[in-house]
Amino acid sequence: MSKSPSSAAEDVPSPCVQVCELDADGICTGCLRSIGEIAAWGGAPAAGRREILQAVARRRMRQDHRPDRRGDDGADPPTDPGART
C-alpha cells in the first residue's frame, strides 16, 4: 500500500527548534528558514519540504564558515586577554 501525499510530507521532519526569531535578513535564527519557507511548510509536499531543508543546509554551511561566528551557546567568541582594544 502506498502512502498518501500528505502522509509522505509528514515523514519529512521539521527543522523547527522552537527558537523563533527573525534576523535582519528575514531568516529564523533557530531553524534557518525564511518566513516564506516557514509559512509554506505545512502545505508543502515531501519534495517541497526537502527543497526547503536543502536551502537550510546551505545557509547553515555559510553560517558555520563565517569568521565572526558565535559559539554554539550563542556567546561571543573568546578573546585574547592580552589583546589591546
# chains A, B, ... in the order shown; residues from 1 in each chain; ligands from 1
$ residues_around --residues "Glu51 (chain A)" --least-positions-apart "5" --cutoff "12 Å" --atoms "only C-alpha atoms" --output "PyMOL selection string"
chain A and resi 9+12+33+37+40-41+44-46+56-58
$ write_last_selection --atoms "N, CA, C and O atoms" --output "compact mmCIF listing (two decimals), in the first residue's frame"
# COMPACT_ATOMS: atom_id res chain seq x y z
N ALA A 9 4.61 13.72 3.16
CA ALA A 9 5.17 15.00 3.58
C ALA A 9 5.43 15.00 5.08
O ALA A 9 6.42 15.57 5.55
N VAL A 12 8.85 13.95 6.44
CA VAL A 12 9.99 14.87 6.37
C VAL A 12 9.91 15.74 7.62
O VAL A 12 9.04 16.59 7.74
N ARG A 33 15.11 28.91 8.40
CA ARG A 33 14.17 29.02 7.28
C ARG A 33 13.74 30.47 7.14
O ARG A 33 13.70 31.22 8.12
N GLU A 37 9.35 30.20 3.77
CA GLU A 37 9.53 28.75 3.89
C GLU A 37 8.78 28.21 5.11
O GLU A 37 8.19 27.13 5.04
N ALA A 40 5.11 28.12 4.17
CA ALA A 40 4.80 27.10 3.17
C ALA A 40 4.92 25.69 3.71
O ALA A 40 4.33 24.76 3.15
N TRP A 41 5.66 25.49 4.79
CA TRP A 41 5.98 24.14 5.28
C TRP A 41 4.74 23.27 5.46
O TRP A 41 4.72 22.12 5.00
N ALA A 44 3.33 22.03 2.17
CA ALA A 44 4.30 21.59 1.17
C ALA A 44 4.34 20.06 1.07
O ALA A 44 4.30 19.37 2.09
N PRO A 45 4.43 19.54 -0.14
CA PRO A 45 4.62 18.10 -0.30
C PRO A 45 6.03 17.72 0.15
O PRO A 45 6.87 18.59 0.38
N ALA A 46 6.29 16.45 0.25
CA ALA A 46 7.60 15.98 0.71
C ALA A 46 8.74 16.57 -0.12
O ALA A 46 9.76 16.99 0.42
N VAL A 56 18.11 25.29 3.87
CA VAL A 56 18.55 25.42 5.26
C VAL A 56 19.99 24.92 5.39
O VAL A 56 20.82 25.57 6.04
N ALA A 57 20.29 23.79 4.78
CA ALA A 57 21.65 23.22 4.86
C ALA A 57 22.67 24.18 4.24
O ALA A 57 23.76 24.36 4.80
N ARG A 58 22.31 24.81 3.12
CA ARG A 58 23.23 25.79 2.50
C ARG A 58 23.45 26.98 3.42
O ARG A 58 24.59 27.44 3.59
$ residues_around --residues "Val19 (chain A)" --least-positions-apart "2" --cutoff "10 Å" --atoms "only C-alpha atoms" --output "mmCIF file with N, CA, C and O atoms, in the first residue's frame"
data_model
loop_
_atom_site.group_PDB
_atom_site.id
_atom_site.type_symbol
_atom_site.label_atom_id
_atom_site.label_comp_id
_atom_site.auth_asym_id
_atom_site.auth_seq_id
_atom_site.Cartn_x
_atom_site.Cartn_y
_atom_site.Cartn_z
ATOM 1 N N CYS A 16 12.312 22.921 12.805
ATOM 2 C CA CYS A 16 11.991 23.855 13.895
ATOM 3 C C CYS A 16 12.610 23.387 15.214
ATOM 4 O O CYS A 16 12.514 22.216 15.574
ATOM 5 N N VAL A 17 13.245 24.322 15.912
ATOM 6 C CA VAL A 17 13.851 24.032 17.214
ATOM 7 C C VAL A 17 13.240 24.908 18.309
ATOM 8 O O VAL A 17 13.818 25.065 19.370
ATOM 9 N N GLU A 21 12.843 33.526 15.977
ATOM 10 C CA GLU A 21 13.220 34.936 15.928
ATOM 11 C C GLU A 21 13.858 35.185 14.572
ATOM 12 O O GLU A 21 14.753 34.450 14.157
ATOM 13 N N LEU A 22 13.376 36.207 13.874
ATOM 14 C CA LEU A 22 13.920 36.507 12.557
ATOM 15 C C LEU A 22 15.087 37.468 12.673
ATOM 16 O O LEU A 22 15.049 38.412 13.455
ATOM 17 N N CYS A 28 14.930 32.800 10.178
ATOM 18 C CA CYS A 28 14.771 32.395 11.570
ATOM 19 C C CYS A 28 16.132 31.996 12.134
ATOM 20 O O CYS A 28 16.851 31.200 11.529
ATOM 21 N N THR A 29 16.467 32.542 13.289
ATOM 22 C CA THR A 29 17.761 32.222 13.905
ATOM 23 C C THR A 29 17.788 30.809 14.475
ATOM 24 O O THR A 29 18.857 30.281 14.746
ATOM 25 N N GLY A 30 16.632 30.191 14.663
ATOM 26 C CA GLY A 30 16.584 28.833 15.186
ATOM 27 C C GLY A 30 16.713 27.777 14.107
ATOM 28 O O GLY A 30 17.612 26.945 14.136
ATOM 29 N N CYS A 31 15.829 27.815 13.116
ATOM 30 C CA CYS A 31 15.796 26.749 12.099
ATOM 31 C C CYS A 31 16.412 27.154 10.769
ATOM 32 O O CYS A 31 16.583 26.310 9.894
#
$ atom_distance --atom1 "CA of Gln63 (chain A)" --atom2 "CA of Gln18 (chain A)"
19.0 Å
$ closest_residue --among "A:Arg62, A:Ile52, A:Glu10, A:Cys20" --to "Gly36 (chain A)" --atoms "only C-alpha atoms"
A:Ile52
